[in-house]
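**Student:** Sending over data07.tsv (TSV, C-alpha atoms).
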chain	number	residue	atom	x	y	z
A	1	MET	CA	11.31	-15.47	-14.97
A	2	GLY	CA	15.06	-15.63	-14.33
A	3	ILE	CA	16.90	-13.49	-11.80
A	4	ILE	CA	14.56	-11.24	-9.82
A	5	SER	CA	15.77	-7.69	-9.21
A	6	VAL	CA	15.96	-6.29	-5.69
A	7	GLU	CA	13.14	-3.87	-6.53
A	8	LYS	CA	10.82	-6.61	-7.74
A	9	ALA	CA	11.74	-8.83	-4.81
A	10	SER	CA	10.71	-5.96	-2.52
A	11	ASN	CA	7.41	-5.54	-4.35
A	12	LEU	CA	6.61	-9.25	-4.05
A	13	TYR	CA	7.62	-9.40	-0.40
A	14	TRP	CA	5.53	-6.36	0.57
A	15	LEU	CA	2.63	-7.51	-1.55
A	16	GLY	CA	2.61	-10.58	0.68
A	17	ARG	CA	2.92	-8.56	3.87
A	18	TYR	CA	0.26	-5.97	3.09
A	19	SER	CA	-2.29	-8.49	1.79
A	20	GLU	CA	-1.80	-10.57	4.95
A	21	ARG	CA	-2.12	-7.47	7.13
A	22	VAL	CA	-5.53	-6.75	5.60
A	23	TYR	CA	-6.66	-10.35	6.04
A	24	THR	CA	-5.58	-10.85	9.66
A	25	THR	CA	-6.60	-7.40	10.95
A	26	LEU	CA	-10.05	-7.76	9.42
A	27	ARG	CA	-10.44	-11.20	11.00
A	28	LYS	CA	-9.44	-9.69	14.36
A	29	PHE	CA	-11.90	-6.84	13.81
A	30	PHE	CA	-14.71	-9.35	13.25
A	31	VAL	CA	-13.88	-11.23	16.46
A	32	ASN	CA	-13.70	-8.07	18.57
A	33	TYR	CA	-16.48	-6.02	17.00
A	34	ASP	CA	-19.41	-7.07	19.21
A	35	SER	CA	-17.41	-6.95	22.45
A	36	MET	CA	-16.00	-3.52	21.56
A	37	ILE	CA	-19.45	-2.10	20.92
A	38	ASP	CA	-21.42	-3.84	23.68
A	39	VAL	CA	-18.96	-4.76	26.44
A	40	GLU	CA	-15.41	-3.42	26.34
A	41	GLU	CA	-15.82	0.11	25.09
A	42	ASP	CA	-12.13	0.95	25.52
A	43	SER	CA	-10.70	-2.28	24.10
A	44	TYR	CA	-9.52	-0.42	21.01
A	45	ILE	CA	-7.00	1.39	23.23
A	46	ASN	CA	-5.33	-1.92	24.09
A	47	TYR	CA	-5.52	-2.94	20.44
A	48	CYS	CA	-3.62	0.17	19.35
A	49	LYS	CA	-1.01	-0.53	22.00
A	50	GLU	CA	-0.61	-4.16	20.92
A	51	MET	CA	-0.31	-3.21	17.26
A	52	ASN	CA	2.05	-0.31	18.01
A	53	ILE	CA	-0.13	2.18	16.16
A	54	PRO	CA	-1.04	5.70	17.33
A	55	ASN	CA	-4.28	5.94	19.25
A	56	ILE	CA	-5.76	8.91	17.40
A	57	TYR	CA	-9.36	7.78	17.97
A	58	THR	CA	-11.95	9.45	20.15
A	59	SER	CA	-14.30	6.53	20.78
A	60	THR	CA	-15.05	2.92	19.88
A	61	GLU	CA	-17.32	4.08	17.08
A	62	ASP	CA	-14.65	6.42	15.75
A	63	PHE	CA	-12.08	3.60	15.82
A	64	SER	CA	-14.44	1.08	14.20
A	65	TYR	CA	-14.98	3.40	11.24
A	66	ARG	CA	-11.71	5.28	10.73
A	67	TYR	CA	-9.32	2.39	11.50
A	68	VAL	CA	-11.01	0.31	8.83
A	69	TYR	CA	-11.86	2.87	6.13
A	70	ASP	CA	-9.91	6.14	6.49
A	71	THR	CA	-7.24	6.23	3.78
A	72	ASP	CA	-5.74	9.35	5.38
A	73	ILE	CA	-4.63	7.11	8.27
A	74	VAL	CA	-1.50	5.19	7.31
A	75	ASP	CA	-2.34	2.24	9.59
A	76	SER	CA	-5.93	1.77	8.44
A	77	VAL	CA	-7.04	-1.48	6.86
A	78	PHE	CA	-7.99	0.31	3.65
A	79	SER	CA	-4.57	2.02	3.44
A	80	ASN	CA	-2.88	-1.37	3.74
A	81	LEU	CA	-5.14	-2.79	1.02
A	82	LEU	CA	-4.20	0.07	-1.28
A	83	ARG	CA	-0.49	-0.52	-0.63
A	84	ALA	CA	-0.95	-4.19	-1.48
A	85	TYR	CA	-2.64	-3.12	-4.71
A	86	ASP	CA	0.13	-0.65	-5.56
A	87	ASN	CA	2.72	-3.43	-5.29
A	88	ALA	CA	0.51	-5.76	-7.30
A	89	ILE	CA	0.16	-3.19	-10.09
A	90	ILE	CA	3.94	-2.95	-10.40
A	91	MET	CA	4.13	-6.75	-10.56
A	92	ARG	CA	1.17	-7.17	-12.92
A	93	GLU	CA	3.18	-9.04	-15.56
A	94	GLU	CA	4.55	-11.47	-12.98
A	95	ILE	CA	1.35	-12.15	-11.05
A	96	HIS	CA	-1.02	-11.79	-14.06
A	97	SER	CA	-4.20	-9.76	-14.41
A	98	GLU	CA	-6.39	-12.62	-13.16
A	99	THR	CA	-4.62	-12.47	-9.80
A	100	LEU	CA	-4.60	-8.68	-9.65
A	101	ALA	CA	-8.35	-8.61	-10.30
A	102	TYR	CA	-9.11	-10.02	-6.85
A	103	LEU	CA	-7.38	-7.10	-5.14
A	104	GLN	CA	-9.36	-4.74	-7.36
A	105	LEU	CA	-12.54	-6.50	-6.26
A	106	ALA	CA	-11.45	-6.26	-2.61
A	107	ILE	CA	-11.02	-2.49	-3.02
A	108	TYR	CA	-14.49	-2.26	-4.57
A	109	GLU	CA	-16.01	-4.14	-1.63
A	110	MET	CA	-14.12	-1.98	0.87
A	111	LYS	CA	-15.58	1.16	-0.71
A	112	LYS	CA	-19.00	-0.46	-0.67
A	113	ALA	CA	-18.67	-1.42	3.01
A	114	LYS	CA	-17.71	2.15	3.92
A	115	HIS	CA	-21.20	3.34	3.02
A	116	SER	CA	-23.15	0.17	3.78
A	117	ALA	CA	-25.87	-0.32	6.37
A	118	SER	CA	-24.46	-3.83	6.95
A	119	PRO	CA	-20.68	-3.36	6.52
A	120	LEU	CA	-19.66	-6.68	8.09
A	121	ILE	CA	-21.17	-8.55	5.15
A	122	ASP	CA	-19.11	-6.52	2.68
A	123	LEU	CA	-15.98	-6.81	4.82
A	124	GLN	CA	-16.40	-10.58	4.83
A	125	THR	CA	-16.34	-10.38	1.04
A	126	VAL	CA	-13.06	-8.44	1.25
A	127	ILE	CA	-11.61	-11.34	3.27
A	128	ASP	CA	-12.93	-13.81	0.69
A	129	TYR	CA	-11.28	-11.88	-2.14
A	130	ILE	CA	-7.94	-11.83	-0.33
A	131	LEU	CA	-8.15	-15.60	-0.02
A	132	ALA	CA	-9.06	-15.84	-3.71
A	133	PHE	CA	-6.08	-13.58	-4.54
A	134	TRP	CA	-3.68	-15.97	-2.80
A	135	ALA	CA	-5.24	-19.02	-4.45
A	136	CYS	CA	-5.05	-17.38	-7.86
A	137	ALA	CA	-1.41	-16.43	-7.23
A	138	ASP	CA	-0.62	-20.10	-6.66
A	139	ASP	CA	-2.29	-20.95	-9.95
A	140	TYR	CA	-1.04	-18.11	-12.18
A	141	ILE	CA	2.44	-17.17	-10.91
A	142	ASP	CA	4.63	-19.55	-12.86
A	143	ASP	CA	7.93	-18.62	-11.25
A	144	GLN	CA	8.36	-20.54	-8.00
A	145	ASP	CA	10.80	-18.02	-6.54
A	146	SER	CA	8.29	-15.19	-7.07
A	147	ARG	CA	5.57	-17.16	-5.28
A	148	ASN	CA	7.88	-17.97	-2.40
A	149	MET	CA	8.97	-14.34	-2.03
A	150	MET	CA	5.35	-13.24	-1.76
A	151	LYS	CA	4.45	-16.11	0.59
A	152	SER	CA	7.54	-15.39	2.75
A	153	GLY	CA	6.28	-11.84	3.23
A	154	MET	CA	2.83	-13.16	4.01
A	155	LYS	CA	4.10	-15.60	6.64
A	156	ILE	CA	6.42	-13.08	8.28
A	157	GLU	CA	3.53	-10.62	8.56
A	158	ARG	CA	1.25	-13.29	9.99
A	159	ILE	CA	3.76	-14.30	12.66
A	160	ASP	CA	4.36	-10.64	13.52
A	161	LEU	CA	0.64	-10.01	13.93
A	162	TYR	CA	0.03	-13.26	15.80
A	163	LEU	CA	2.74	-12.29	18.28
A	164	ARG	CA	1.21	-8.85	18.79
A	165	MET	CA	-2.23	-10.39	19.23
A	166	ARG	CA	-0.85	-12.97	21.69
A	167	TYR	CA	-1.85	-16.05	19.72
A	168	HIS	CA	-1.27	-19.45	21.28
A	169	ARG	CA	2.13	-21.08	20.91
A	170	THR	CA	0.73	-23.89	18.75
A	171	ASP	CA	-0.52	-21.35	16.18
A	172	LEU	CA	2.87	-19.65	16.12
A	173	MET	CA	4.74	-22.93	15.74
A	174	ARG	CA	2.54	-23.91	12.81
A	175	GLU	CA	3.19	-20.62	11.02
A	176	LEU	CA	6.90	-20.77	11.83
A	177	LYS	CA	7.14	-24.13	10.06
A	178	LYS	CA	5.39	-22.70	7.00
A	179	LEU	CA	7.76	-19.72	6.97
A	180	GLU	CA	10.77	-22.01	7.14
A	181	TYR	CA	9.43	-23.94	4.13
A	182	ARG	CA	9.15	-20.74	2.08
A	183	LEU	CA	12.50	-19.28	3.10
A	184	ASP	CA	14.28	-22.53	2.25
A	185	ARG	CA	12.90	-22.29	-1.30
A	186	THR	CA	13.48	-18.63	-2.13
A	187	SER	CA	16.43	-16.50	-3.23
A	188	LEU	CA	15.13	-13.73	-0.96
A	189	VAL	CA	18.02	-12.55	1.20
A	190	HIS	CA	17.23	-13.42	4.80
A	191	SER	CA	18.95	-13.92	8.14
A	192	GLU	CA	19.19	-17.52	9.30
A	193	LYS	CA	20.44	-16.24	12.64
A	194	ALA	CA	17.31	-14.13	13.15
A	195	PHE	CA	15.09	-17.07	12.18
A	196	ILE	CA	16.78	-19.35	14.70
A	197	LYS	CA	16.42	-16.65	17.35
A	198	LEU	CA	12.70	-16.39	16.60
A	199	ALA	CA	12.33	-20.17	16.72
A	200	ASN	CA	14.02	-20.26	20.12
A	201	TYR	CA	11.45	-17.80	21.46
A	202	ILE	CA	8.49	-19.74	20.05
A	203	ILE	CA	9.46	-23.41	20.36
A	204	PRO	CA	9.65	-24.50	24.01
A	205	GLU	CA	12.34	-26.63	25.52
A	206	GLU	CA	11.25	-30.14	26.49
A	207	GLY	CA	9.12	-29.94	29.61
A	208	GLU	CA	8.66	-26.15	29.33
A	209	GLU	CA	5.55	-26.03	27.14
A	210	ASP	CA	3.71	-23.83	29.63
A	211	THR	CA	6.34	-21.11	29.81
A	212	GLU	CA	5.36	-17.62	28.65
A	213	ILE	CA	6.61	-16.50	25.25
A	214	SER	CA	8.82	-13.39	25.27
A	215	TYR	CA	6.51	-11.69	22.79
A	216	GLN	CA	8.34	-8.39	22.40
A	217	GLU	CA	11.69	-10.07	21.86
A	218	ALA	CA	10.09	-12.43	19.33
A	219	ILE	CA	8.58	-9.46	17.45
A	220	GLU	CA	12.01	-7.86	17.25
A	221	ALA	CA	13.47	-11.13	15.93
A	222	VAL	CA	10.85	-11.63	13.22
A	223	GLU	CA	11.49	-8.14	11.87
A	224	GLN	CA	15.19	-8.98	11.51
A	225	ILE	CA	14.65	-12.00	9.26
A	226	VAL	CA	14.14	-10.04	6.04
A	227	LYS	CA	15.20	-6.44	5.51
A	228	ILE	CA	14.08	-5.22	2.12
Would you mind writing the file's structure down as structure tokens?
**Tutor:**
Amino acid sequence: MGIISVEKASNLYWLGRYSERVYTTLRKFFVNYDSMIDVEEDSYINYCKEMNIPNIYTSTEDFSYRYVYDTDIVDSVFSNLLRAYDNAIIMREEIHSETLAYLQLAIYEMKKAKHSASPLIDLQTVIDYILAFWACADDYIDDQDSRNMMKSGMKIERIDLYLRMRYHRTDLMRELKKLEYRLDRTSLVHSEKAFIKLANYIIPEEGEEDTEISYQEAIEAVEQIVKI
């Protein structure tokens, strides 16, 4: 593919971030759905706070529908899926139509779930198509740098979300190692200083494994690694 322009690098990076955002937020939605409906009716309020998104919802039912499906809401799952698709369309030649097709299928299933009597089944299919999209990208994107740009965005988004969702340190350390692998193999401009700062927040000193992670500071650090 040769030298990748700044514009295309941005498209690949954000394609990775938005596709990951759909995947991880839907997984979180699945985990929390029953407890939100049956037990913790106001848990969506804490979720909005954790994710730093406006709480514009009037009830758990309103959140469960509009947060997932309302494309007029910039933070909705569907809006993020459409942004992933927009970036993929621009990069069609680089990622190939076979890869793009899985995002198209995910959009179809999202529309289907919106009007379904059993939406969780269709939303699970959306998750499956995101996974198939990533697998197909590994198979069809010939340029290694392009793959690593997309996967760098994916891993940065995952770490950001895991920090907001208060994932265990071991999960964060695993994803940090994967991010380091991708960044070391890409021409994507990134800050080594910010990465080291993030690592210092996540990786404990010897004998300090039980210390609390400074989550907010770590979130700020991860957002400084790539600015594109």
**Student:** Please report the interatomic distance between atom CA of A:Ser152 and atom CA of A:Arg182 in Å with one decimal.
**Tutor:** 5.6 Å
**Student:** Within 12 Å of A:Met110, counting all atoms listed in the file, which residues show up once you throw out same-chain ones fewer than 4 positions away? Write them as an MDAnalysis selection string, please.
**Tutor:** chainID A and resid 22 26 65 68:71 76:82 103:106 114:116 119:130
**Student:** Skip A:Ile89 itself and residues of its chain fewer than 6 positions away, then list as a list in words all residues within 10 Å of it, counting all atoms listed in the file.
**Tutor:** Asn11, Leu15, Arg83, Ile95, His96, Ser97, Leu100 and Leu103 of chain A
**Student:** Identify which of the residues A:Asp184, A:Arg17, A:Ser146, A:Trp134 lies closest to A:Ala101, counting only C-alpha atoms when measuring atom-to-atom distances.
**Tutor:** A:Trp134
**Student:** With only C-alpha atoms as the atoms that count, which of A:Tyr140, A:Tyr47, A:Trp14, A:Tyr67 lies nearest to A:Ile90?
**Tutor:**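 Of all the options, A:Trp14 lies closest to A:Ile90.
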**Student:** Using atom CA of A:Leu183 and atom CA of A:Asn148 as the two end points, give the distance in Å to one decimal.
**Tutor:**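 Computing the Euclidean distance for atom CA of A:Leu183 and atom CA of A:Asn148 yields 7.3 Å.
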**Student:** Go through A:Tyr102, A:Tyr57, A:Tyr162, A:Phe133 one by one, measure the shortest atom-to-atom distance of each to A:Met150 using all atoms listed in the file, and give the residue with the smallest value.
**Tutor:**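 Among A:Tyr102, A:Tyr57, A:Tyr162, A:Phe133, it is A:Phe133 that comes nearest to A:Met150.
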**Student:** Given the point (-6.2, -10.0, 8.8) in the file's coordinates, find the residues that have an atom at most 10 Å from it, counting all atoms listed in the file, and give them as a PyMOL selection string.
**Tutor:** chain A and resi 18-30+77+127+130+157-158+161-162
**Student:** Would you save the residues of that selection, restricted to C-alpha atoms, as a PDB file, in the frame of the given file?
**Tutor:**
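Result file is out.pdb:
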ATOM      1  CA  TYR A  18       0.260  -5.970   3.090  1.00  0.00           C
ATOM      2  CA  SER A  19      -2.290  -8.490   1.790  1.00  0.00           C
ATOM      3  CA  GLU A  20      -1.800 -10.570   4.950  1.00  0.00           C
ATOM      4  CA  ARG A  21      -2.120  -7.470   7.130  1.00  0.00           C
ATOM      5  CA  VAL A  22      -5.530  -6.750   5.600  1.00  0.00           C
ATOM      6  CA  TYR A  23      -6.660 -10.350   6.040  1.00  0.00           C
ATOM      7  CA  THR A  24      -5.580 -10.850   9.660  1.00  0.00           C
ATOM      8  CA  THR A  25      -6.600  -7.400  10.950  1.00  0.00           C
ATOM      9  CA  LEU A  26     -10.050  -7.760   9.420  1.00  0.00           C
ATOM     10  CA  ARG A  27     -10.440 -11.200  11.000  1.00  0.00           C
ATOM     11  CA  LYS A  28      -9.440  -9.690  14.360  1.00  0.00           C
ATOM     12  CA  PHE A  29     -11.900  -6.840  13.810  1.00  0.00           C
ATOM     13  CA  PHE A  30     -14.710  -9.350  13.250  1.00  0.00           C
ATOM     14  CA  VAL A  77      -7.040  -1.480   6.860  1.00  0.00           C
ATOM     15  CA  ILE A 127     -11.610 -11.340   3.270  1.00  0.00           C
ATOM     16  CA  ILE A 130      -7.940 -11.830  -0.330  1.00  0.00           C
ATOM     17  CA  GLU A 157       3.530 -10.620   8.560  1.00  0.00           C
ATOM     18  CA  ARG A 158       1.250 -13.290   9.990  1.00  0.00           C
ATOM     19  CA  LEU A 161       0.640 -10.010  13.930  1.00  0.00           C
ATOM     20  CA  TYR A 162       0.030 -13.260  15.800  1.00  0.00           C
TER      21      TYR A 162
END
**Student:** Could the residues of stretch 36-96 of chain A that have an atom at most 10 Å from stretch 5-8 of chain A be listed as a tab-separated table, each with its closest atom pair and the distance in Å to one decimal, counting all atoms listed in the file and ordered by chain and ascending residue number?
**Tutor:**
residue	atom	partner	partner_atom	distance
A:Asn87	CA	A:Lys8	CA	9.0
A:Ile90	CA	A:Lys8	CA	8.2
A:Met91	CA	A:Lys8	CA	7.3
A:Glu94	CA	A:Lys8	CA	9.5
**Student:** Atom CA of A:Glu223 and atom CA of A:Ser191 are how many Å apart?
**Tutor:** 10.1 Å
**Student:** Taking into account all atoms listed in the file, which residue in the set A:Ser64, A:Asp86, A:Glu175, A:Gln144 is nearest to A:Asp42?
**Tutor:**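 Checking each of A:Ser64, A:Asp86, A:Glu175, A:Gln144 against A:Asp42, counting all atoms listed in the file, the winner is A:Ser64.
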**Student:** Rank nothing, just name the residue among A:Leu172, A:Leu198, A:Ile228, A:Ile53 nearest to A:Ser10, using only C-alpha atoms.
**Tutor:**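 Among the listed residues, A:Ile228 lies closest to A:Ser10.
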**Student:** Excluding A:Ala221 and its own-chain neighbours fewer than 3 positions away, which residues fall within 7 Å of it when counting all atoms listed in the file? Please give them as a list in words.
**Tutor:**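 Final neighbour list, sorted by chain and number: Ala194, Lys197, Leu198, Glu217, Ala218, Gln224 and Ile225 of chain A.
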**Student:** May I have the residues from that selection written out with C-alpha atoms, as a PDB file, keeping the file's coordinate frame?
**Tutor:**
ATOM      1  CA  ALA A 194      17.310 -14.130  13.150  1.00  0.00           C
ATOM      2  CA  LYS A 197      16.420 -16.650  17.350  1.00  0.00           C
ATOM      3  CA  LEU A 198      12.700 -16.390  16.600  1.00  0.00           C
ATOM      4  CA  GLU A 217      11.690 -10.070  21.860  1.00  0.00           C
ATOM      5  CA  ALA A 218      10.090 -12.430  19.330  1.00  0.00           C
ATOM      6  CA  GLN A 224      15.190  -8.980  11.510  1.00  0.00           C
ATOM      7  CA  ILE A 225      14.650 -12.000   9.260  1.00  0.00           C
TER       8      ILE A 225
END
**Student:** Just checking: using all atoms listed in the file, which residue out of A:Ala132, A:Tyr201, A:Met173, A:His190 ends up closest to A:Met149?
**Tutor:** A:His190
**Student:** For a quick check of your reading of the model, name the residues lying within 9 Å of the coordinate (-4.3, 11.4, 12.4), counting only C-alpha atoms, and write them as an mmCIF file with C-alpha atoms, in the coordinates of the input.
**Tutor:**
data_model
loop_
_atom_site.group_PDB
_atom_site.id
_atom_site.type_symbol
_atom_site.label_atom_id
_atom_site.label_comp_id
_atom_site.auth_asym_id
_atom_site.auth_seq_id
_atom_site.Cartn_x
_atom_site.Cartn_y
_atom_site.Cartn_z
ATOM 1 C CA PRO A 54 -1.040 5.700 17.330
ATOM 2 C CA ASN A 55 -4.280 5.940 19.250
ATOM 3 C CA ILE A 56 -5.760 8.910 17.400
ATOM 4 C CA TYR A 57 -9.360 7.780 17.970
ATOM 5 C CA ASP A 72 -5.740 9.350 5.380
ATOM 6 C CA ILE A 73 -4.630 7.110 8.270
ATOM 7 C CA VAL A 74 -1.500 5.190 7.310
#
